[in-house]
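*Asks:* Next comes the structure file entry16.pdb, holding PDB, N, CA and C atoms.
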```pdb
ATOM      1  N   MET C   1     -18.999 -66.958  61.812
ATOM      2  CA  MET C   1     -18.098 -67.799  61.073
ATOM      3  C   MET C   1     -16.918 -66.998  60.537
ATOM      4  N   ALA C   2     -17.185 -65.766  60.109
ATOM      5  CA  ALA C   2     -16.116 -64.924  59.579
ATOM      6  C   ALA C   2     -15.107 -64.601  60.679
ATOM      7  N   GLY C   3     -15.599 -64.465  61.893
ATOM      8  CA  GLY C   3     -14.701 -64.200  63.024
ATOM      9  C   GLY C   3     -13.773 -65.381  63.289
ATOM     10  N   LEU C   4     -14.294 -66.581  63.140
ATOM     11  CA  LEU C   4     -13.494 -67.780  63.341
ATOM     12  C   LEU C   4     -12.402 -67.887  62.274
ATOM     13  N   VAL C   5     -12.749 -67.576  61.050
ATOM     14  CA  VAL C   5     -11.767 -67.615  59.959
ATOM     15  C   VAL C   5     -10.684 -66.572  60.195
ATOM     16  N   ALA C   6     -11.070 -65.397  60.638
ATOM     17  CA  ALA C   6     -10.103 -64.329  60.900
ATOM     18  C   ALA C   6      -9.168 -64.716  62.048
ATOM     19  N   LYS C   7      -9.733 -65.320  63.109
ATOM     20  CA  LYS C   7      -8.903 -65.751  64.234
ATOM     21  C   LYS C   7      -7.945 -66.867  63.813
ATOM     22  N   THR C   8      -8.431 -67.765  62.970
ATOM     23  CA  THR C   8      -7.583 -68.862  62.497
ATOM     24  C   THR C   8      -6.432 -68.326  61.660
ATOM     25  N   LYS C   9      -6.718 -67.386  60.773
ATOM     26  CA  LYS C   9      -5.665 -66.781  59.950
ATOM     27  C   LYS C   9      -4.644 -66.063  60.829
ATOM     28  N   ALA C  10      -5.111 -65.351  61.840
ATOM     29  CA  ALA C  10      -4.206 -64.643  62.749
ATOM     30  C   ALA C  10      -3.351 -65.632  63.530
ATOM     31  N   LEU C  11      -3.946 -66.742  63.957
ATOM     32  CA  LEU C  11      -3.213 -67.768  64.694
ATOM     33  C   LEU C  11      -2.137 -68.404  63.802
ATOM     34  N   ILE C  12      -2.481 -68.701  62.572
ATOM     35  CA  ILE C  12      -1.512 -69.292  61.641
ATOM     36  C   ILE C  12      -0.380 -68.316  61.352
ATOM     37  N   THR C  13      -0.703 -67.054  61.172
ATOM     38  CA  THR C  13       0.325 -66.044  60.928
ATOM     39  C   THR C  13       1.273 -65.917  62.114
ATOM     40  N   THR C  14       0.724 -65.935  63.314
ATOM     41  CA  THR C  14       1.543 -65.857  64.528
ATOM     42  C   THR C  14       2.428 -67.095  64.661
ATOM     43  N   ALA C  15       1.862 -68.255  64.388
ATOM     44  CA  ALA C  15       2.643 -69.495  64.481
ATOM     45  C   ALA C  15       3.786 -69.496  63.470
ATOM     46  N   LYS C  16       3.530 -69.033  62.270
ATOM     47  CA  LYS C  16       4.585 -68.955  61.247
ATOM     48  C   LYS C  16       5.696 -68.005  61.691
ATOM     49  N   ALA C  17       5.306 -66.862  62.245
ATOM     50  CA  ALA C  17       6.297 -65.872  62.684
ATOM     51  C   ALA C  17       7.153 -66.408  63.819
ATOM     52  N   GLN C  18       6.546 -67.183  64.715
ATOM     53  CA  GLN C  18       7.310 -67.729  65.832
ATOM     54  C   GLN C  18       8.176 -68.906  65.417
ATOM     55  N   ALA C  19       7.729 -69.678  64.446
ATOM     56  CA  ALA C  19       8.475 -70.861  64.030
ATOM     57  C   ALA C  19       9.575 -70.540  63.028
ATOM     58  N   ARG C  20       9.526 -69.395  62.385
ATOM     59  CA  ARG C  20      10.481 -69.073  61.329
ATOM     60  C   ARG C  20      11.942 -69.091  61.798
ATOM     61  N   PRO C  21      12.312 -68.490  62.937
ATOM     62  CA  PRO C  21      13.720 -68.529  63.355
ATOM     63  C   PRO C  21      14.217 -69.960  63.606
ATOM     64  N   MET C  22      13.370 -70.792  64.201
ATOM     65  CA  MET C  22      13.771 -72.176  64.459
ATOM     66  C   MET C  22      13.914 -72.949  63.150
ATOM     67  N   PHE C  23      13.016 -72.703  62.204
ATOM     68  CA  PHE C  23      13.093 -73.372  60.914
ATOM     69  C   PHE C  23      14.333 -72.940  60.147
ATOM     70  N   ASP C  24      14.662 -71.642  60.215
ATOM     71  CA  ASP C  24      15.875 -71.155  59.539
ATOM     72  C   ASP C  24      17.128 -71.797  60.122
ATOM     73  N   GLU C  25      17.174 -71.939  61.444
ATOM     74  CA  GLU C  25      18.318 -72.593  62.087
ATOM     75  C   GLU C  25      18.399 -74.060  61.678
ATOM     76  N   PHE C  26      17.247 -74.738  61.640
ATOM     77  CA  PHE C  26      17.212 -76.129  61.204
ATOM     78  C   PHE C  26      17.744 -76.262  59.783
ATOM     79  N   MET C  27      17.304 -75.393  58.894
ATOM     80  CA  MET C  27      17.747 -75.479  57.495
ATOM     81  C   MET C  27      19.241 -75.194  57.367
ATOM     82  N   ARG C  28      19.760 -74.275  58.184
ATOM     83  CA  ARG C  28      21.191 -73.972  58.139
ATOM     84  C   ARG C  28      22.012 -75.209  58.512
ATOM     85  N   TYR C  29      21.600 -75.908  59.564
ATOM     86  CA  TYR C  29      22.307 -77.123  59.966
ATOM     87  C   TYR C  29      22.047 -78.270  58.996
ATOM     88  N   ALA C  30      20.836 -78.352  58.459
ATOM     89  CA  ALA C  30      20.495 -79.440  57.547
ATOM     90  C   ALA C  30      21.325 -79.358  56.272
ATOM     91  N   LYS C  31      21.596 -78.174  55.779
ATOM     92  CA  LYS C  31      22.400 -78.041  54.568
ATOM     93  C   LYS C  31      23.809 -78.567  54.774
ATOM     94  N   VAL C  32      24.332 -78.429  55.975
ATOM     95  CA  VAL C  32      25.687 -78.891  56.263
ATOM     96  C   VAL C  32      25.694 -80.372  56.634
ATOM     97  N   GLU C  33      24.825 -80.771  57.542
ATOM     98  CA  GLU C  33      24.870 -82.124  58.086
ATOM     99  C   GLU C  33      24.251 -83.166  57.165
ATOM    100  N   LEU C  34      23.276 -82.793  56.362
ATOM    101  CA  LEU C  34      22.588 -83.757  55.516
ATOM    102  C   LEU C  34      23.078 -83.740  54.072
ATOM    103  N   ALA C  35      24.173 -83.057  53.840
ATOM    104  CA  ALA C  35      24.732 -83.021  52.489
ATOM    105  C   ALA C  35      25.373 -84.368  52.165
ATOM    106  N   PRO C  36      25.271 -84.818  50.906
ATOM    107  CA  PRO C  36      25.908 -86.087  50.558
ATOM    108  C   PRO C  36      27.426 -85.967  50.609
ATOM    109  N   PRO C  37      28.117 -87.065  50.848
ATOM    110  CA  PRO C  37      29.573 -87.002  50.928
ATOM    111  C   PRO C  37      30.197 -86.677  49.572
ATOM    112  N   THR C  38      31.304 -85.996  49.620
ATOM    113  CA  THR C  38      32.035 -85.647  48.400
ATOM    114  C   THR C  38      33.102 -86.709  48.136
ATOM    115  N   PRO C  39      33.665 -86.746  46.938
ATOM    116  CA  PRO C  39      34.743 -87.699  46.664
ATOM    117  C   PRO C  39      35.941 -87.526  47.606
ATOM    118  N   ALA C  40      36.200 -86.308  48.034
ATOM    119  CA  ALA C  40      37.301 -86.078  48.975
ATOM    120  C   ALA C  40      37.020 -86.757  50.310
ATOM    121  N   ASP C  41      35.742 -86.803  50.717
ATOM    122  CA  ASP C  41      35.380 -87.491  51.956
ATOM    123  C   ASP C  41      35.661 -88.982  51.859
ATOM    124  N   PHE C  42      35.403 -89.560  50.679
ATOM    125  CA  PHE C  42      35.661 -90.982  50.500
ATOM    126  C   PHE C  42      37.156 -91.289  50.550
ATOM    127  N   LYS C  43      37.961 -90.411  49.965
ATOM    128  CA  LYS C  43      39.414 -90.601  50.011
ATOM    129  C   LYS C  43      39.913 -90.527  51.451
ATOM    130  N   GLU C  44      39.379 -89.585  52.204
ATOM    131  CA  GLU C  44      39.767 -89.443  53.616
ATOM    132  C   GLU C  44      39.345 -90.671  54.421
ATOM    133  N   LEU C  45      38.162 -91.187  54.149
ATOM    134  CA  LEU C  45      37.662 -92.373  54.842
ATOM    135  C   LEU C  45      38.510 -93.596  54.503
ATOM    136  N   ARG C  46      38.873 -93.742  53.242
ATOM    137  CA  ARG C  46      39.713 -94.865  52.834
ATOM    138  C   ARG C  46      41.074 -94.802  53.522
ATOM    139  N   GLY C  47      41.654 -93.612  53.614
ATOM    140  CA  GLY C  47      42.933 -93.459  54.295
ATOM    141  C   GLY C  47      42.830 -93.801  55.773
ATOM    142  N   ALA C  48      41.756 -93.374  56.405
ATOM    143  CA  ALA C  48      41.563 -93.683  57.826
ATOM    144  C   ALA C  48      41.366 -95.179  58.033
ATOM    145  N   ALA C  49      40.653 -95.834  57.120
ATOM    146  CA  ALA C  49      40.428 -97.271  57.248
ATOM    147  C   ALA C  49      41.736 -98.045  57.078
ATOM    148  N   GLU C  50      42.547 -97.643  56.128
ATOM    149  CA  GLU C  50      43.835 -98.308  55.927
ATOM    150  C   GLU C  50      44.739 -98.127  57.149
ATOM    151  N   LYS C  51      44.716 -96.927  57.700
ATOM    152  CA  LYS C  51      45.526 -96.653  58.883
ATOM    153  C   LYS C  51      45.064 -97.502  60.072
ATOM    154  N   ALA C  52      43.754 -97.633  60.247
ATOM    155  CA  ALA C  52      43.221 -98.435  61.346
ATOM    156  C   ALA C  52      43.525 -99.914  61.135
ATOM    157  N   LYS C  53      43.488-100.354  59.894
ATOM    158  CA  LYS C  53      43.771-101.753  59.597
ATOM    159  C   LYS C  53      45.219-102.092  59.942
ATOM    160  N   LYS C  54      46.125-101.194  59.639
ATOM    161  CA  LYS C  54      47.536-101.436  59.955
ATOM    162  C   LYS C  54      47.789-101.374  61.457
ATOM    163  N   ALA C  55      47.077-100.501  62.143
ATOM    164  CA  ALA C  55      47.288-100.346  63.582
ATOM    165  C   ALA C  55      46.739-101.542  64.360
ATOM    166  N   LYS C  56      45.582-102.067  63.967
ATOM    167  CA  LYS C  56      44.942-103.154  64.701
ATOM    168  C   LYS C  56      45.529-104.515  64.355
ATOM    169  N   GLY C  57      45.972-104.719  63.152
ATOM    170  CA  GLY C  57      46.518-106.009  62.775
ATOM    171  C   GLY C  57      45.504-106.921  62.130
ATOM    172  N   GLY C  58      44.261-106.515  62.021
ATOM    173  CA  GLY C  58      43.253-107.310  61.339
ATOM    174  C   GLY C  58      42.576-108.313  62.244
ATOM    175  N   LEU C  59      41.519-108.909  61.730
ATOM    176  CA  LEU C  59      40.723-109.845  62.505
ATOM    177  C   LEU C  59      41.442-111.170  62.709
ATOM    178  N   GLY C  60      42.236-111.612  61.751
ATOM    179  CA  GLY C  60      42.912-112.895  61.850
ATOM    180  C   GLY C  60      44.022-112.928  62.875
ATOM    181  N   LYS C  61      44.415-111.806  63.394
ATOM    182  CA  LYS C  61      45.521-111.752  64.349
ATOM    183  C   LYS C  61      45.053-111.520  65.780
ATOM    184  N   LYS C  62      43.805-111.809  66.040
ATOM    185  CA  LYS C  62      43.271-111.669  67.399
ATOM    186  C   LYS C  62      43.545-112.945  68.183
ATOM    187  N   THR C  63      43.781-112.781  69.463
ATOM    188  CA  THR C  63      43.919-113.955  70.322
ATOM    189  C   THR C  63      42.530-114.426  70.726
ATOM    190  N   VAL C  64      42.446-115.615  71.278
ATOM    191  CA  VAL C  64      41.158-116.157  71.693
ATOM    192  C   VAL C  64      40.554-115.304  72.803
ATOM    193  N   SER C  65      41.381-114.844  73.720
ATOM    194  CA  SER C  65      40.854-114.025  74.815
ATOM    195  C   SER C  65      40.326-112.685  74.294
ATOM    196  N   GLU C  66      40.991-112.088  73.305
ATOM    197  CA  GLU C  66      40.489-110.838  72.733
ATOM    198  C   GLU C  66      39.178-111.067  71.990
ATOM    199  N   ALA C  67      39.062-112.196  71.305
ATOM    200  CA  ALA C  67      37.822-112.510  70.594
ATOM    201  C   ALA C  67      36.672-112.713  71.575
ATOM    202  N   TRP C  68      36.923-113.443  72.673
ATOM    203  CA  TRP C  68      35.892-113.642  73.690
ATOM    204  C   TRP C  68      35.504-112.322  74.334
ATOM    205  N   LEU C  69      36.472-111.478  74.583
ATOM    206  CA  LEU C  69      36.165-110.179  75.176
ATOM    207  C   LEU C  69      35.278-109.362  74.243
ATOM    208  N   GLY C  70      35.604-109.368  72.957
ATOM    209  CA  GLY C  70      34.765-108.660  71.989
ATOM    210  C   GLY C  70      33.360-109.220  71.923
ATOM    211  N   ALA C  71      33.248-110.557  71.977
ATOM    212  CA  ALA C  71      31.931-111.185  71.948
ATOM    213  C   ALA C  71      31.128-110.825  73.197
ATOM    214  N   LEU C  72      31.769-110.826  74.345
ATOM    215  CA  LEU C  72      31.061-110.494  75.588
ATOM    216  C   LEU C  72      30.614-109.030  75.606
ATOM    217  N   VAL C  73      31.444-108.154  75.116
ATOM    218  CA  VAL C  73      31.061-106.732  75.053
ATOM    219  C   VAL C  73      29.883-106.557  74.106
ATOM    220  N   SER C  74      29.918-107.236  72.970
ATOM    221  CA  SER C  74      28.799-107.161  72.026
ATOM    222  C   SER C  74      27.523-107.687  72.656
ATOM    223  N   PHE C  75      27.620-108.810  73.362
ATOM    224  CA  PHE C  75      26.458-109.379  74.038
ATOM    225  C   PHE C  75      25.899-108.413  75.079
ATOM    226  N   GLU C  76      26.782-107.742  75.816
ATOM    227  CA  GLU C  76      26.336-106.791  76.833
ATOM    228  C   GLU C  76      25.606-105.611  76.196
ATOM    229  N   VAL C  77      26.135-105.099  75.099
ATOM    230  CA  VAL C  77      25.494-103.962  74.432
ATOM    231  C   VAL C  77      24.116-104.359  73.916
ATOM    232  N   ILE C  78      24.027-105.541  73.302
ATOM    233  CA  ILE C  78      22.735-106.010  72.792
ATOM    234  C   ILE C  78      21.758-106.233  73.941
ATOM    235  N   SER C  79      22.238-106.791  75.040
ATOM    236  CA  SER C  79      21.367-107.031  76.194
ATOM    237  C   SER C  79      20.813-105.731  76.752
ATOM    238  N   TRP C  80      21.656-104.714  76.901
ATOM    239  CA  TRP C  80      21.181-103.432  77.415
ATOM    240  C   TRP C  80      20.183-102.788  76.460
ATOM    241  N   PHE C  81      20.384-102.980  75.143
ATOM    242  CA  PHE C  81      19.430-102.440  74.176
ATOM    243  C   PHE C  81      18.056-103.069  74.394
ATOM    244  N   PHE C  82      18.017-104.405  74.487
ATOM    245  CA  PHE C  82      16.731-105.074  74.648
ATOM    246  C   PHE C  82      16.111-104.791  76.015
ATOM    247  N   MET C  83      16.922-104.640  77.036
ATOM    248  CA  MET C  83      16.379-104.279  78.344
ATOM    249  C   MET C  83      15.752-102.886  78.293
ATOM    250  N   GLY C  84      16.371-101.987  77.570
ATOM    251  CA  GLY C  84      15.798-100.656  77.393
ATOM    252  C   GLY C  84      14.487-100.695  76.633
ATOM    253  N   GLU C  85      14.403-101.567  75.632
ATOM    254  CA  GLU C  85      13.145-101.731  74.905
ATOM    255  C   GLU C  85      12.038-102.217  75.835
ATOM    256  N   VAL C  86      12.341-103.205  76.671
ATOM    257  CA  VAL C  86      11.343-103.747  77.596
ATOM    258  C   VAL C  86      10.912-102.676  78.581
ATOM    259  N   ILE C  87      11.854-101.925  79.103
ATOM    260  CA  ILE C  87      11.521-100.852  80.047
ATOM    261  C   ILE C  87      10.691 -99.789  79.348
ATOM    262  N   GLY C  88      11.046 -99.470  78.113
ATOM    263  CA  GLY C  88      10.329 -98.422  77.385
ATOM    264  C   GLY C  88       8.888 -98.771  77.099
ATOM    265  N   ARG C  89       8.618-100.020  76.772
ATOM    266  CA  ARG C  89       7.232-100.384  76.460
ATOM    267  C   ARG C  89       6.482-100.912  77.677
ATOM    268  N   ARG C  90       7.178-101.120  78.788
ATOM    269  CA  ARG C  90       6.592-101.524  80.061
ATOM    270  C   ARG C  90       5.911-102.880  80.011
ATOM    271  N   HIS C  91       6.303-103.700  79.059
ATOM    272  CA  HIS C  91       5.797-105.064  78.951
ATOM    273  C   HIS C  91       6.938-105.921  78.465
ATOM    274  N   PHE C  92       6.977-107.161  78.964
ATOM    275  CA  PHE C  92       8.079-108.034  78.573
ATOM    276  C   PHE C  92       7.922-108.545  77.152
ATOM    277  N   VAL C  93       6.682-108.797  76.740
ATOM    278  CA  VAL C  93       6.454-109.336  75.405
ATOM    279  C   VAL C  93       5.516-108.407  74.659
ATOM    280  N   GLY C  94       5.972-107.878  73.552
ATOM    281  CA  GLY C  94       5.124-107.098  72.666
ATOM    282  C   GLY C  94       4.698-105.764  73.220
ATOM    283  N   TYR C  95       3.966-105.060  72.395
ATOM    284  CA  TYR C  95       3.430-103.768  72.781
ATOM    285  C   TYR C  95       1.965-103.929  73.159
ATOM    286  N   LYS C  96       1.554-103.159  74.137
ATOM    287  CA  LYS C  96       0.157-103.204  74.562
ATOM    288  C   LYS C  96      -0.663-102.461  73.517
ATOM    289  N   VAL C  97      -1.546-103.183  72.850
ATOM    290  CA  VAL C  97      -2.334-102.594  71.748
ATOM    291  C   VAL C  97      -3.753-102.404  72.172
TER     292      VAL C  97
END
```
Write out the structure in this file as structure tokens.
*Replies:*
Amino acid sequence: MAGLVAKTKALITTAKAQARPMFDEFMRYAKVELAPPTPADFKELRGAAEKAKKAKGGLGKKTVSEAWLGALVSFEVISWFFMGEVIGRRHFVGYKV
């Protein structure tokens, strides 16, 4: 039994040593990517939204053909999503439990 405990401790130590570089890299990226937005980010986002609103002309200024095109593109994206779900679970209805 003591041999098993010693082997387990050695295995855990080896696993920690091998995983440490990957964990350090993950934490380095996590500190940057998962940080909450700063007030400066919100100001930049607001400026970009205002600029996009002026460039596009808003929703009320769309023609009927542009609205239909947007609706059809949305329908296509949703359809491909659900088709991917069906392919992923390999059943048309529900998950095989």
*Asks:* Identify, with DSSP run on backbone atoms, the residues in chain C assigned to helix (DSSP H, G or I), and express the list as a PyMOL selection string.
*Replies:* chain C and resi 2-33+39-56+59-61+64-89
*Asks:* Could you tell me how far CA of Val64 (chain C) sits from CA of Met83 (chain C), in Å to one decimal place?
*Replies:*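 So the two atoms, CA of Met83 (chain C) and CA of Val64 (chain C), lie 28.3 Å apart.
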*Asks:* Provide the CA of Phe81 (chain C) to CA of Val93 (chain C) distance in Å, to one decimal place.
*Replies:*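 Between these atoms lies a distance of 14.7 Å.
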*Asks:* What separation in Å, quoted to one decimal, exists between CA of Gly70 (chain C) and CA of Ala55 (chain C)?
*Replies:* 17.2 Å
*Asks:* Please reconstruct the missing atoms of region 61-72 of chain C (target: all heavy atoms) and return them as a JSON list (two decimals), in the frame of the given file.
*Replies:*
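The result, stored in rebuild.json:
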```
[["chain", "number", "residue", "atom", "x", "y", "z"],
["C", 61, "LYS", "N", 44.42, -111.81, 63.39],
["C", 61, "LYS", "CA", 45.52, -111.75, 64.35],
["C", 61, "LYS", "C", 45.05, -111.52, 65.78],
["C", 61, "LYS", "O", 45.81, -111.09, 66.62],
["C", 61, "LYS", "CB", 46.51, -110.67, 63.93],
["C", 61, "LYS", "CG", 47.14, -110.97, 62.58],
["C", 61, "LYS", "CD", 48.15, -109.94, 62.18],
["C", 61, "LYS", "CE", 48.72, -110.29, 60.82],
["C", 61, "LYS", "NZ", 49.58, -109.29, 60.31],
["C", 62, "LYS", "N", 43.80, -111.81, 66.04],
["C", 62, "LYS", "CA", 43.27, -111.67, 67.40],
["C", 62, "LYS", "C", 43.54, -112.94, 68.18],
["C", 62, "LYS", "O", 43.51, -114.05, 67.65],
["C", 62, "LYS", "CB", 41.76, -111.45, 67.36],
["C", 62, "LYS", "CG", 41.33, -110.18, 66.69],
["C", 62, "LYS", "CD", 41.45, -109.03, 67.61],
["C", 62, "LYS", "CE", 40.91, -107.78, 66.93],
["C", 62, "LYS", "NZ", 41.35, -106.60, 67.56],
["C", 63, "THR", "N", 43.78, -112.78, 69.46],
["C", 63, "THR", "CA", 43.92, -113.96, 70.32],
["C", 63, "THR", "C", 42.53, -114.43, 70.73],
["C", 63, "THR", "O", 41.53, -113.71, 70.55],
["C", 63, "THR", "CB", 44.74, -113.62, 71.58],
["C", 63, "THR", "OG1", 44.04, -112.64, 72.34],
["C", 63, "THR", "CG2", 46.12, -113.09, 71.21],
["C", 64, "VAL", "N", 42.45, -115.62, 71.28],
["C", 64, "VAL", "CA", 41.16, -116.16, 71.69],
["C", 64, "VAL", "C", 40.55, -115.30, 72.80],
["C", 64, "VAL", "O", 39.35, -115.03, 72.81],
["C", 64, "VAL", "CB", 41.32, -117.63, 72.15],
["C", 64, "VAL", "CG1", 40.02, -118.16, 72.72],
["C", 64, "VAL", "CG2", 41.79, -118.49, 70.99],
["C", 65, "SER", "N", 41.38, -114.84, 73.72],
["C", 65, "SER", "CA", 40.85, -114.02, 74.82],
["C", 65, "SER", "C", 40.33, -112.68, 74.29],
["C", 65, "SER", "O", 39.29, -112.20, 74.77],
["C", 65, "SER", "CB", 41.92, -113.81, 75.88],
["C", 65, "SER", "OG", 43.01, -113.11, 75.35],
["C", 66, "GLU", "N", 40.99, -112.09, 73.31],
["C", 66, "GLU", "CA", 40.49, -110.84, 72.73],
["C", 66, "GLU", "C", 39.18, -111.07, 71.99],
["C", 66, "GLU", "O", 38.27, -110.24, 72.05],
["C", 66, "GLU", "CB", 41.53, -110.24, 71.79],
["C", 66, "GLU", "CG", 42.75, -109.67, 72.47],
["C", 66, "GLU", "CD", 43.79, -109.20, 71.47],
["C", 66, "GLU", "OE1", 43.84, -109.71, 70.34],
["C", 66, "GLU", "OE2", 44.58, -108.32, 71.84],
["C", 67, "ALA", "N", 39.06, -112.20, 71.31],
["C", 67, "ALA", "CA", 37.82, -112.51, 70.59],
["C", 67, "ALA", "C", 36.67, -112.71, 71.58],
["C", 67, "ALA", "O", 35.56, -112.22, 71.36],
["C", 67, "ALA", "CB", 38.01, -113.75, 69.73],
["C", 68, "TRP", "N", 36.92, -113.44, 72.67],
["C", 68, "TRP", "CA", 35.89, -113.64, 73.69],
["C", 68, "TRP", "C", 35.50, -112.32, 74.33],
["C", 68, "TRP", "O", 34.32, -112.08, 74.61],
["C", 68, "TRP", "CB", 36.36, -114.63, 74.76],
["C", 68, "TRP", "CG", 36.01, -116.03, 74.43],
["C", 68, "TRP", "CD1", 36.86, -117.02, 74.07],
["C", 68, "TRP", "CD2", 34.70, -116.59, 74.41],
["C", 68, "TRP", "NE1", 36.15, -118.16, 73.81],
["C", 68, "TRP", "CE2", 34.82, -117.94, 74.02],
["C", 68, "TRP", "CE3", 33.43, -116.11, 74.69],
["C", 68, "TRP", "CZ2", 33.74, -118.79, 73.90],
["C", 68, "TRP", "CZ3", 32.35, -116.96, 74.56],
["C", 68, "TRP", "CH2", 32.51, -118.28, 74.18],
["C", 69, "LEU", "N", 36.47, -111.48, 74.58],
["C", 69, "LEU", "CA", 36.16, -110.18, 75.18],
["C", 69, "LEU", "C", 35.28, -109.36, 74.24],
["C", 69, "LEU", "O", 34.30, -108.74, 74.68],
["C", 69, "LEU", "CB", 37.46, -109.41, 75.48],
["C", 69, "LEU", "CG", 37.30, -108.06, 76.15],
["C", 69, "LEU", "CD1", 36.64, -108.21, 77.50],
["C", 69, "LEU", "CD2", 38.65, -107.39, 76.30],
["C", 70, "GLY", "N", 35.60, -109.37, 72.96],
["C", 70, "GLY", "CA", 34.76, -108.66, 71.99],
["C", 70, "GLY", "C", 33.36, -109.22, 71.92],
["C", 70, "GLY", "O", 32.37, -108.48, 71.83],
["C", 71, "ALA", "N", 33.25, -110.56, 71.98],
["C", 71, "ALA", "CA", 31.93, -111.18, 71.95],
["C", 71, "ALA", "C", 31.13, -110.82, 73.20],
["C", 71, "ALA", "O", 29.92, -110.55, 73.11],
["C", 71, "ALA", "CB", 32.08, -112.70, 71.83],
["C", 72, "LEU", "N", 31.77, -110.83, 74.34],
["C", 72, "LEU", "CA", 31.06, -110.49, 75.59],
["C", 72, "LEU", "C", 30.61, -109.03, 75.61],
["C", 72, "LEU", "O", 29.52, -108.71, 76.07],
["C", 72, "LEU", "CB", 31.94, -110.80, 76.80],
["C", 72, "LEU", "CG", 32.14, -112.29, 77.08],
["C", 72, "LEU", "CD1", 33.15, -112.47, 78.23],
["C", 72, "LEU", "CD2", 30.83, -112.95, 77.42]]
```
